[in-house]
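Source file: query-v7.cif; contents: mmCIF, C-alpha atoms.
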data_input
loop_
_atom_site.group_PDB
_atom_site.id
_atom_site.type_symbol
_atom_site.label_atom_id
_atom_site.label_comp_id
_atom_site.auth_asym_id
_atom_site.auth_seq_id
_atom_site.Cartn_x
_atom_site.Cartn_y
_atom_site.Cartn_z
ATOM 1 C CA MET A 27 -6.956 -26.217 5.916
ATOM 2 C CA ASN A 28 -10.230 -26.224 7.862
ATOM 3 C CA LEU A 29 -10.339 -22.866 9.551
ATOM 4 C CA GLU A 30 -13.389 -23.852 11.558
ATOM 5 C CA GLU A 31 -11.031 -26.047 13.563
ATOM 6 C CA THR A 32 -8.048 -23.702 13.607
ATOM 7 C CA VAL A 33 -9.681 -20.377 14.490
ATOM 8 C CA PRO A 34 -11.677 -20.869 17.700
ATOM 9 C CA GLN A 35 -13.053 -17.743 19.310
ATOM 10 C CA VAL A 36 -11.829 -18.752 22.756
ATOM 11 C CA VAL A 37 -8.961 -21.065 23.690
ATOM 12 C CA SER A 38 -7.693 -22.126 27.095
ATOM 13 C CA GLU A 39 -5.087 -19.846 28.613
ATOM 14 C CA GLU A 40 -2.769 -22.733 29.435
ATOM 15 C CA ARG A 41 -2.730 -24.097 25.871
ATOM 16 C CA SER A 42 -2.254 -20.590 24.459
ATOM 17 C CA LEU A 43 0.725 -19.748 26.607
ATOM 18 C CA GLU A 44 2.549 -23.026 26.164
ATOM 19 C CA GLU A 45 2.100 -23.351 22.405
ATOM 20 C CA VAL A 46 2.816 -19.707 21.670
ATOM 21 C CA GLU A 47 6.081 -19.952 23.581
ATOM 22 C CA LEU A 48 6.982 -23.058 21.584
ATOM 23 C CA ILE A 49 6.276 -21.270 18.302
ATOM 24 C CA LEU A 50 8.337 -18.250 19.349
ATOM 25 C CA GLY A 51 11.098 -20.276 20.959
ATOM 26 C CA TYR A 52 11.058 -17.974 23.957
ATOM 27 C CA GLU A 53 9.713 -18.514 27.472
ATOM 28 C CA LEU A 54 8.417 -15.359 29.090
ATOM 29 C CA LYS A 55 9.184 -14.693 32.729
ATOM 30 C CA ASP A 56 5.915 -12.765 33.081
ATOM 31 C CA LYS A 57 3.190 -14.997 31.593
ATOM 32 C CA SER A 58 0.560 -12.294 31.985
ATOM 33 C CA LEU A 59 2.222 -10.318 29.189
ATOM 34 C CA LEU A 60 1.588 -13.119 26.718
ATOM 35 C CA LEU A 61 -2.027 -13.437 27.823
ATOM 36 C CA GLU A 62 -2.431 -9.690 27.369
ATOM 37 C CA ALA A 63 -0.803 -9.823 23.920
ATOM 38 C CA PHE A 64 -3.326 -12.373 22.688
ATOM 39 C CA THR A 65 -6.494 -10.856 24.136
ATOM 40 C CA HIS A 66 -8.638 -8.712 21.843
ATOM 41 C CA VAL A 67 -10.834 -6.049 23.403
ATOM 42 C CA SER A 68 -13.938 -7.826 22.036
ATOM 43 C CA PHE A 69 -13.294 -10.658 24.496
ATOM 44 C CA HIS A 70 -14.776 -8.489 27.243
ATOM 45 C CA ASN A 71 -18.452 -7.623 27.278
ATOM 46 C CA SER A 72 -18.301 -4.453 29.360
ATOM 47 C CA ASP A 73 -16.260 -1.244 29.218
ATOM 48 C CA LYS A 74 -13.145 -2.036 27.206
ATOM 49 C CA TYR A 75 -11.052 0.410 29.223
ATOM 50 C CA SER A 76 -11.945 -0.999 32.619
ATOM 51 C CA GLU A 77 -8.840 -1.410 34.768
ATOM 52 C CA LYS A 78 -9.722 -5.048 35.434
ATOM 53 C CA GLN A 79 -9.753 -5.948 31.768
ATOM 54 C CA ILE A 80 -6.818 -6.449 29.427
ATOM 55 C CA SER A 81 -6.315 -6.219 25.682
ATOM 56 C CA TYR A 82 -3.311 -6.172 23.379
ATOM 57 C CA GLU A 83 -3.639 -2.500 22.420
ATOM 58 C CA ARG A 84 -0.868 -1.135 24.661
ATOM 59 C CA LEU A 85 1.576 -3.903 23.750
ATOM 60 C CA GLU A 86 0.703 -3.460 20.077
ATOM 61 C CA LEU A 87 1.710 0.189 20.321
ATOM 62 C CA ILE A 88 5.168 -0.528 21.702
ATOM 63 C CA GLY A 89 5.627 -3.568 19.457
ATOM 64 C CA ASP A 90 4.987 -1.447 16.378
ATOM 65 C CA SER A 91 7.769 0.970 17.369
ATOM 66 C CA VAL A 92 10.227 -1.815 18.205
ATOM 67 C CA LEU A 93 9.530 -3.623 14.920
ATOM 68 C CA ASN A 94 10.037 -0.466 12.864
ATOM 69 C CA LEU A 95 13.352 0.215 14.595
ATOM 70 C CA LEU A 96 14.615 -3.344 14.081
ATOM 71 C CA MET A 97 13.540 -3.499 10.442
ATOM 72 C CA THR A 98 15.048 -0.095 9.679
ATOM 73 C CA ARG A 99 18.340 -1.172 11.242
ATOM 74 C CA LYS A 100 18.387 -4.417 9.276
ATOM 75 C CA LEU A 101 17.751 -2.674 5.953
ATOM 76 C CA PHE A 102 20.168 0.177 6.735
ATOM 77 C CA PHE A 103 23.116 -2.212 7.038
ATOM 78 C CA LEU A 104 21.904 -4.611 4.349
ATOM 79 C CA TYR A 105 21.761 -1.822 1.721
ATOM 80 C CA PRO A 106 24.423 0.763 2.698
ATOM 81 C CA LYS A 107 23.998 2.812 -0.497
ATOM 82 C CA LEU A 108 20.209 2.731 -0.776
ATOM 83 C CA SER A 109 18.360 6.054 -0.642
ATOM 84 C CA PRO A 110 16.113 6.895 2.341
ATOM 85 C CA GLY A 111 13.067 6.737 0.071
ATOM 86 C CA LYS A 112 13.776 3.189 -1.058
ATOM 87 C CA LEU A 113 14.589 2.162 2.507
ATOM 88 C CA THR A 114 11.202 3.498 3.580
ATOM 89 C CA TYR A 115 9.439 1.512 0.858
ATOM 90 C CA LEU A 116 11.275 -1.657 1.884
ATOM 91 C CA ARG A 117 10.492 -1.165 5.554
ATOM 92 C CA SER A 118 6.830 -0.537 4.778
ATOM 93 C CA ASP A 119 6.525 -3.704 2.705
ATOM 94 C CA ASN A 120 8.099 -5.717 5.529
ATOM 95 C CA THR A 121 6.001 -4.273 8.361
ATOM 96 C CA ASP A 122 2.569 -3.408 6.930
ATOM 97 C CA ASN A 123 -0.696 -5.155 7.843
ATOM 98 C CA GLU A 124 -0.567 -7.552 4.927
ATOM 99 C CA LYS A 125 2.989 -8.702 5.606
ATOM 100 C CA LEU A 126 2.392 -9.178 9.341
ATOM 101 C CA GLY A 127 -0.943 -10.855 8.640
ATOM 102 C CA ARG A 128 0.904 -13.393 6.489
ATOM 103 C CA VAL A 129 3.379 -13.964 9.337
ATOM 104 C CA ALA A 130 0.571 -14.590 11.854
ATOM 105 C CA PHE A 131 -1.173 -16.978 9.471
ATOM 106 C CA LYS A 132 2.037 -18.832 8.575
ATOM 107 C CA CYS A 133 2.903 -19.450 12.230
ATOM 108 C CA GLY A 134 -0.676 -20.139 13.261
ATOM 109 C CA LEU A 135 -0.543 -17.508 15.998
ATOM 110 C CA HIS A 136 -4.072 -16.340 15.188
ATOM 111 C CA ARG A 137 -5.371 -19.628 16.626
ATOM 112 C CA PHE A 138 -4.524 -18.519 20.157
ATOM 113 C CA LEU A 139 -6.275 -15.174 20.092
ATOM 114 C CA HIS A 140 -8.935 -14.598 22.763
ATOM 115 C CA HIS A 141 -11.730 -12.747 20.994
ATOM 116 C CA LYS A 142 -15.420 -12.573 20.238
ATOM 117 C CA LYS A 143 -15.353 -11.345 16.643
ATOM 118 C CA PRO A 144 -17.900 -13.405 14.690
ATOM 119 C CA MET A 145 -16.601 -12.365 11.254
ATOM 120 C CA LEU A 146 -12.911 -13.048 11.884
ATOM 121 C CA GLU A 147 -13.039 -16.629 10.655
ATOM 122 C CA GLN A 148 -14.590 -15.596 7.316
ATOM 123 C CA GLN A 149 -12.084 -12.752 6.910
ATOM 124 C CA ILE A 150 -9.158 -15.129 7.464
ATOM 125 C CA GLN A 151 -10.610 -17.576 4.940
ATOM 126 C CA GLU A 152 -10.833 -14.795 2.352
ATOM 127 C CA PHE A 153 -7.286 -13.717 3.155
ATOM 128 C CA GLU A 154 -5.988 -17.276 2.791
ATOM 129 C CA LYS A 155 -7.612 -17.611 -0.628
ATOM 130 C CA ALA A 156 -6.340 -14.227 -1.825
ATOM 131 C CA MET A 157 -2.753 -15.075 -0.829
ATOM 132 C CA GLU A 158 -2.726 -17.865 -3.412
ATOM 133 C CA ASP A 159 -2.593 -15.245 -6.189
ATOM 134 C CA TYR A 160 0.057 -13.144 -4.418
ATOM 135 C CA PRO A 161 2.510 -15.467 -2.635
ATOM 136 C CA LEU A 162 4.790 -12.694 -1.305
ATOM 137 C CA HIS A 163 2.846 -9.395 -1.247
ATOM 138 C CA SER A 164 -0.010 -7.829 -3.205
ATOM 139 C CA HIS A 165 0.952 -4.173 -2.592
ATOM 140 C CA GLY A 166 -2.535 -3.099 -1.630
ATOM 141 C CA LEU A 167 -4.661 -5.442 -3.734
ATOM 142 C CA ILE A 168 -5.810 -7.740 -0.938
ATOM 143 C CA VAL A 169 -6.930 -7.059 2.626
ATOM 144 C CA ALA A 170 -5.438 -8.784 5.637
ATOM 145 C CA PRO A 171 -7.560 -8.693 8.790
ATOM 146 C CA LYS A 172 -5.830 -6.029 10.876
ATOM 147 C CA ILE A 173 -6.174 -8.164 13.977
ATOM 148 C CA LEU A 174 -3.579 -10.582 12.547
ATOM 149 C CA ALA A 175 -0.965 -7.848 12.265
ATOM 150 C CA ASP A 176 -1.936 -6.542 15.707
ATOM 151 C CA VAL A 177 -1.195 -9.937 17.255
ATOM 152 C CA ILE A 178 2.343 -9.977 15.845
ATOM 153 C CA GLU A 179 3.068 -6.439 17.035
ATOM 154 C CA ALA A 180 1.604 -7.178 20.477
ATOM 155 C CA ALA A 181 3.723 -10.326 20.772
ATOM 156 C CA ILE A 182 6.818 -8.297 19.880
ATOM 157 C CA GLY A 183 5.829 -5.768 22.516
ATOM 158 C CA ALA A 184 5.366 -8.515 25.111
ATOM 159 C CA VAL A 185 8.809 -10.026 24.463
ATOM 160 C CA PHE A 186 10.421 -6.581 24.569
ATOM 161 C CA ILE A 187 8.834 -5.671 27.917
ATOM 162 C CA ASP A 188 9.679 -9.096 29.330
ATOM 163 C CA SER A 189 13.309 -9.053 28.188
ATOM 164 C CA ASN A 190 13.976 -5.297 28.050
ATOM 165 C CA SER A 191 16.216 -5.996 25.044
ATOM 166 C CA ILE A 192 15.693 -5.293 21.362
ATOM 167 C CA GLU A 193 18.470 -7.795 20.610
ATOM 168 C CA ILE A 194 16.472 -10.592 22.226
ATOM 169 C CA VAL A 195 13.355 -9.444 20.343
ATOM 170 C CA TRP A 196 15.261 -9.658 17.054
ATOM 171 C CA LYS A 197 16.648 -13.087 17.933
ATOM 172 C CA VAL A 198 13.124 -14.353 18.693
ATOM 173 C CA PHE A 199 11.313 -12.840 15.722
ATOM 174 C CA LYS A 200 13.931 -12.816 12.949
ATOM 175 C CA ASP A 201 12.960 -16.266 11.717
ATOM 176 C CA VAL A 202 9.266 -15.705 12.441
ATOM 177 C CA LEU A 203 9.188 -12.665 10.134
ATOM 178 C CA GLU A 204 10.756 -14.453 7.166
ATOM 179 C CA PRO A 205 10.601 -14.385 4.208
ATOM 180 C CA PHE A 206 11.710 -10.767 4.060
ATOM 181 C CA ILE A 207 10.931 -8.679 1.011
ATOM 182 C CA THR A 208 14.275 -7.734 -0.528
ATOM 183 C CA LEU A 209 15.138 -4.906 -2.882
ATOM 184 C CA GLU A 210 15.026 -7.316 -5.821
ATOM 185 C CA LYS A 211 11.451 -8.265 -4.910
ATOM 186 C CA LEU A 212 10.286 -4.790 -3.965
ATOM 187 C CA GLY A 213 6.993 -4.022 -5.633
ATOM 188 C CA GLU A 214 4.975 -0.837 -5.822
ATOM 189 C CA ASN A 215 1.466 0.236 -5.008
ATOM 190 C CA PRO A 216 -0.573 0.564 -8.262
ATOM 191 C CA VAL A 217 -1.577 4.137 -7.398
ATOM 192 C CA VAL A 218 2.079 5.166 -7.035
ATOM 193 C CA THR A 219 2.992 3.430 -10.292
ATOM 194 C CA LEU A 220 0.123 5.123 -12.132
ATOM 195 C CA LEU A 221 1.138 8.518 -10.784
ATOM 196 C CA LYS A 222 4.733 8.081 -11.973
ATOM 197 C CA ILE A 223 3.671 6.967 -15.453
ATOM 198 C CA CYS A 224 1.218 9.822 -15.847
ATOM 199 C CA GLN A 225 3.824 12.358 -14.743
ATOM 200 C CA LYS A 226 6.316 10.923 -17.217
ATOM 201 C CA LYS A 227 3.845 11.027 -20.099
ATOM 202 C CA GLY A 228 2.388 14.429 -19.206
ATOM 203 C CA LEU A 229 -1.036 12.996 -18.365
ATOM 204 C CA LYS A 230 -3.324 14.016 -15.535
ATOM 205 C CA PHE A 231 -5.445 11.482 -13.713
ATOM 206 C CA LYS A 232 -7.967 11.638 -10.903
ATOM 207 C CA PHE A 233 -10.016 9.254 -8.805
ATOM 208 C CA ASP A 234 -13.791 9.417 -8.624
ATOM 209 C CA THR A 235 -15.350 7.829 -5.542
ATOM 210 C CA ASP A 236 -18.502 9.955 -5.447
ATOM 211 C CA SER A 237 -20.692 6.884 -5.858
ATOM 212 C CA TRP A 238 -18.852 4.923 -3.175
ATOM 213 C CA GLU A 239 -21.725 4.815 -0.710
ATOM 214 C CA LYS A 240 -24.024 3.496 -3.418
ATOM 215 C CA ASP A 241 -21.987 0.876 -5.286
ATOM 216 C CA GLN A 242 -18.541 0.772 -3.568
ATOM 217 C CA THR A 243 -16.883 1.576 -6.896
ATOM 218 C CA ALA A 244 -13.747 3.612 -7.525
ATOM 219 C CA LYS A 245 -13.027 5.046 -10.975
ATOM 220 C CA VAL A 246 -9.874 6.449 -12.575
ATOM 221 C CA TYR A 247 -10.063 9.187 -15.211
ATOM 222 C CA ILE A 248 -7.319 10.487 -17.463
ATOM 223 C CA GLY A 249 -8.578 13.827 -18.650
ATOM 224 C CA ASN A 250 -12.267 13.181 -19.284
ATOM 225 C CA SER A 251 -11.789 9.536 -20.236
ATOM 226 C CA LEU A 252 -12.684 6.706 -17.865
ATOM 227 C CA ILE A 253 -9.708 4.365 -17.998
ATOM 228 C CA GLY A 254 -10.099 2.117 -14.944
ATOM 229 C CA LYS A 255 -12.636 1.115 -12.330
ATOM 230 C CA ALA A 256 -13.086 -1.478 -9.600
ATOM 231 C CA ALA A 257 -15.446 -2.325 -6.763
ATOM 232 C CA TYR A 258 -14.463 -3.488 -3.297
ATOM 233 C CA ARG A 259 -15.921 -3.131 0.179
ATOM 234 C CA LYS A 260 -12.865 -1.159 1.354
ATOM 235 C CA LYS A 261 -12.330 2.123 -0.481
ATOM 236 C CA GLU A 262 -8.519 2.084 -0.398
ATOM 237 C CA VAL A 263 -8.390 -1.393 -1.934
ATOM 238 C CA ALA A 264 -10.974 -0.450 -4.566
ATOM 239 C CA MET A 265 -8.784 2.511 -5.549
ATOM 240 C CA ASN A 266 -5.741 0.241 -5.818
ATOM 241 C CA TRP A 267 -7.632 -2.186 -8.054
ATOM 242 C CA ALA A 268 -8.961 0.692 -10.167
ATOM 243 C CA ALA A 269 -5.397 1.973 -10.565
ATOM 244 C CA LYS A 270 -4.257 -1.497 -11.590
ATOM 245 C CA ASP A 271 -7.076 -1.634 -14.153
ATOM 246 C CA ALA A 272 -5.914 1.731 -15.480
ATOM 247 C CA LEU A 273 -2.308 0.534 -15.675
ATOM 248 C CA ASP A 274 -3.409 -2.412 -17.797
ATOM 249 C CA LYS A 275 -4.981 0.004 -20.281
ATOM 250 C CA ILE A 276 -2.812 3.115 -20.135
ATOM 251 C CA GLU A 277 -0.360 2.184 -22.878
ATOM 252 C CA ARG A 278 -3.216 1.535 -25.276
ATOM 253 C CA TYR A 279 -4.845 4.806 -24.257
ATOM 254 C CA TYR A 280 -1.601 6.743 -24.692
ATOM 255 C CA ASP A 281 -0.775 5.212 -28.084
ATOM 256 C CA HIS A 282 -4.325 5.876 -29.301
ATOM 257 C CA ASN A 283 -4.171 9.544 -28.291
ATOM 258 C CA LYS A 284 -0.724 10.057 -29.855
ATOM 259 C CA LYS A 285 -2.161 9.110 -33.262
ATOM 260 C CA LYS A 286 -4.875 11.797 -33.169
ATOM 261 C CA PRO A 287 -4.457 14.949 -35.304
ATOM 262 C CA LEU A 288 -2.851 17.806 -33.410
ATOM 263 C CA LEU A 289 -6.000 19.921 -33.293
ATOM 264 C CA GLN A 290 -7.935 17.055 -31.678
ATOM 265 C CA ARG A 291 -5.391 17.041 -28.879
ATOM 266 C CA LYS A 292 -5.213 20.779 -28.253
ATOM 267 C CA LYS A 293 -7.063 20.566 -24.922
ATOM 268 C CA SER A 294 -4.370 18.397 -23.418
ATOM 269 C CA LEU A 295 -1.611 20.352 -25.175
ATOM 270 C CA GLN A 296 -2.663 23.725 -23.837
ATOM 271 C CA LYS A 297 -2.511 22.333 -20.288
ATOM 272 C CA VAL A 298 1.182 21.584 -20.757
ATOM 273 C CA ASN A 299 1.850 25.285 -20.087
ATOM 274 C CA PHE A 300 4.595 26.103 -22.617
ATOM 275 C CA ARG A 301 5.736 29.642 -23.463
ATOM 276 C CA CYS A 302 6.957 30.458 -26.923
ATOM 277 C CA ASN A 303 10.252 32.099 -27.720
ATOM 278 C CA ARG A 304 8.841 35.398 -29.018
ATOM 279 C CA SER A 305 11.859 36.447 -31.062
ATOM 280 C CA TYR A 306 12.053 33.043 -32.700
ATOM 281 C CA CYS A 307 8.368 33.163 -33.548
ATOM 282 C CA LYS A 308 8.823 36.564 -35.208
ATOM 283 C CA ASN A 309 11.708 35.242 -37.266
ATOM 284 C CA LYS A 310 9.556 32.391 -38.513
ATOM 285 C CA LYS A 311 6.516 34.657 -39.060
ATOM 286 C CA VAL A 312 4.402 32.950 -36.409
ATOM 287 C CA ASP A 313 1.988 35.115 -34.405
ATOM 288 C CA ALA A 314 3.800 35.382 -31.080
ATOM 289 C CA SER A 315 0.740 36.444 -29.071
ATOM 290 C CA ARG A 316 -1.273 33.574 -30.510
ATOM 291 C CA CYS A 317 1.557 31.178 -29.727
ATOM 292 C CA LYS A 318 1.689 32.383 -26.131
ATOM 293 C CA LYS A 319 -2.064 32.111 -25.743
ATOM 294 C CA LEU A 320 -2.024 28.511 -26.931
ATOM 295 C CA ARG A 321 0.866 27.455 -24.746
ATOM 296 C CA GLY A 322 0.598 29.418 -21.502
ATOM 297 C CA ASN A 323 3.722 30.493 -19.667
ATOM 298 C CA ARG A 324 6.510 27.918 -20.047
ATOM 299 C CA LEU A 325 9.367 28.025 -22.537
ATOM 300 C CA LEU A 326 8.512 26.280 -25.798
ATOM 301 C CA PRO A 327 11.424 24.637 -27.632
ATOM 302 C CA GLN A 328 12.233 26.485 -30.862
ATOM 303 C CA GLN A 329 11.815 23.499 -33.134
ATOM 304 C CA PHE A 330 8.422 22.714 -31.662
ATOM 305 C CA CYS A 331 7.412 26.349 -31.946
ATOM 306 C CA CYS A 332 8.381 26.489 -35.615
ATOM 307 C CA ASN A 333 6.911 23.167 -36.717
ATOM 308 C CA LYS A 334 3.879 22.576 -34.545
ATOM 309 C CA LEU A 335 2.577 26.094 -34.020
ATOM 310 C CA SER A 336 3.010 27.003 -37.662
ATOM 311 C CA LEU A 337 0.846 23.975 -38.391
ATOM 312 C CA LEU A 338 -1.744 25.164 -35.891
ATOM 313 C CA GLN A 339 -1.775 28.624 -37.465
ATOM 314 C CA ARG A 340 -2.212 27.244 -40.976
ATOM 315 C CA GLN A 341 -5.030 24.900 -39.936
ATOM 316 C CA ASN A 342 -6.889 27.648 -38.127
#
Encoded form (structure tokens):
Amino acid sequence: MNLEETVPQVVSEERSLEEVELILGYELKDKSLLLEAFTHVSFHNSDKYSEKQISYERLELIGDSVLNLLMTRKLFFLYPKLSPGKLTYLRSDNTDNEKLGRVAFKCGLHRFLHHKKPMLEQQIQEFEKAMEDYPLHSHGLIVAPKILADVIEAAIGAVFIDSNSIEIVWKVFKDVLEPFITLEKLGENPVVTLLKICQKKGLKFKFDTDSWEKDQTAKVYIGNSLIGKAAYRKKEVAMNWAAKDALDKIERYYDHNKKKPLLQRKKSLQKVNFRCNRSYCKNKKVDASRCKKLRGNRLLPQQFCCNKLSLLQRQN
């Protein structure tokens, strides 16, 4: 697709209104709402908040709320036993910037936007190329131009104000928003996945973005070891890619560290915060105070106390 032909900066109002209504399958009674929904603030050269000028910002605000309500209702009845947390994840994946950007691109609604953003065409080209690797959703690994999502939300807001009915809004946009991301296809942000794995394995990780201004690089450390890094012009996306890089390596890192002698791993072990069973240590002739010093303040299982700490005492 040649985006130079499909993403003009300015299109005629008449063509915009007619073709947008055909795409949506809904004819607005108040045509000015549709014009407002597809006008970016950059289209005006003077004060963007002048009363004589319009932009989609107000309609975007109400459209965002209406969309969240409709999507929550759909998922609530579709998955009657699903937890609120999972419902939130599903709603987010079906209403975030990337998902709505895909909807705008699929329907070609971005072609009718009145704007003067010189970089928008290049950003849409990059988005189109990135979608080839992630047909449904990337979960934070690619960037959709926010203006694409704004257009969808503003259009929803326009139809809602025109019809004063969320049922009509749902009827108009249900097909437009497909394909929906279902529970079976629900993915997860790499940062969230990394956090869960590290918690499960007793590992601590941190992000380092101190050099962001210099090289736009995000790094992931587990303990003192660099395990993942990535560079991207947007910090949040760079962190997601760095987390993905870490996920690709974490099993190898974990297996490697499990094979080390116990004394080589004592730094990570003493952060686990165990507390020995003092009476059990006395029975097995292990120095209880030394055991407590090594393990902090949480209860240490008896078998571990006997086997591992006795080993530590003998080696030291």
Pick out the closest residue to Lys261 of chain A from this set: A:Leu167, A:Ala175, A:Asn190, A:Asp90. Count only C-alpha atoms.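 Looking only at the distances to Lys261 of chain A, the closest residue turns out to be A:Leu167.
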Name every residue that the PyMOL selection byres ((chain A and resi 208) around 12) selects in this structure, writing the answer as a list in words with chains first and numbers rising.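 With the PyMOL selection byres ((chain A and resi 208) around 12) on this model, the match is Met97, Lys100, Leu101, Leu104, Tyr105, Lys112, Leu113, Tyr115, Leu116, Arg117, Ser118, Asp119, Asn120, Leu162, His163, Glu204, Pro205, Phe206, Ile207, Leu209, Glu210, Lys211, Leu212 and Gly213 of chain A.
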For the residues selected in the previous step, produce a file with C-alpha atoms as a PDB file, in the coordinates of the input.
ATOM      1  CA  MET A  97      13.540  -3.499  10.442  1.00  0.00           C
ATOM      2  CA  LYS A 100      18.387  -4.417   9.276  1.00  0.00           C
ATOM      3  CA  LEU A 101      17.751  -2.674   5.953  1.00  0.00           C
ATOM      4  CA  LEU A 104      21.904  -4.611   4.349  1.00  0.00           C
ATOM      5  CA  TYR A 105      21.761  -1.822   1.721  1.00  0.00           C
ATOM      6  CA  LYS A 112      13.776   3.189  -1.058  1.00  0.00           C
ATOM      7  CA  LEU A 113      14.589   2.162   2.507  1.00  0.00           C
ATOM      8  CA  TYR A 115       9.439   1.512   0.858  1.00  0.00           C
ATOM      9  CA  LEU A 116      11.275  -1.657   1.884  1.00  0.00           C
ATOM     10  CA  ARG A 117      10.492  -1.165   5.554  1.00  0.00           C
ATOM     11  CA  SER A 118       6.830  -0.537   4.778  1.00  0.00           C
ATOM     12  CA  ASP A 119       6.525  -3.704   2.705  1.00  0.00           C
ATOM     13  CA  ASN A 120       8.099  -5.717   5.529  1.00  0.00           C
ATOM     14  CA  LEU A 162       4.790 -12.694  -1.305  1.00  0.00           C
ATOM     15  CA  HIS A 163       2.846  -9.395  -1.247  1.00  0.00           C
ATOM     16  CA  GLU A 204      10.756 -14.453   7.166  1.00  0.00           C
ATOM     17  CA  PRO A 205      10.601 -14.385   4.208  1.00  0.00           C
ATOM     18  CA  PHE A 206      11.710 -10.767   4.060  1.00  0.00           C
ATOM     19  CA  ILE A 207      10.931  -8.679   1.011  1.00  0.00           C
ATOM     20  CA  LEU A 209      15.138  -4.906  -2.882  1.00  0.00           C
ATOM     21  CA  GLU A 210      15.026  -7.316  -5.821  1.00  0.00           C
ATOM     22  CA  LYS A 211      11.451  -8.265  -4.910  1.00  0.00           C
ATOM     23  CA  LEU A 212      10.286  -4.790  -3.965  1.00  0.00           C
ATOM     24  CA  GLY A 213       6.993  -4.022  -5.633  1.00  0.00           C
TER      25      GLY A 213
END
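When only C-alpha atoms are used to compute distances to His141 of chain A, the closest of the residues A:Asn123, A:Ser68, A:Thr219, A:Ser81 turns out to be A:Ser68.
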Which is closest to Ala244 of chain A among A:Lys222, A:Lys270, A:Lys125, A:Lys230, if we use all atoms listed in the file?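 Using all atoms listed in the file, Ala244 of chain A sits closest to A:Lys270.
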Would you list the contacts of Glu193 of chain A as an MDAnalysis selection string, taking every protein, DNA or RNA residue within 12 Å and counting all atoms listed in the file, but skipping same-chain residues closer than 6 positions in sequence? chainID A and resid 92:93 95:96 99:100 182 185:186 199:200
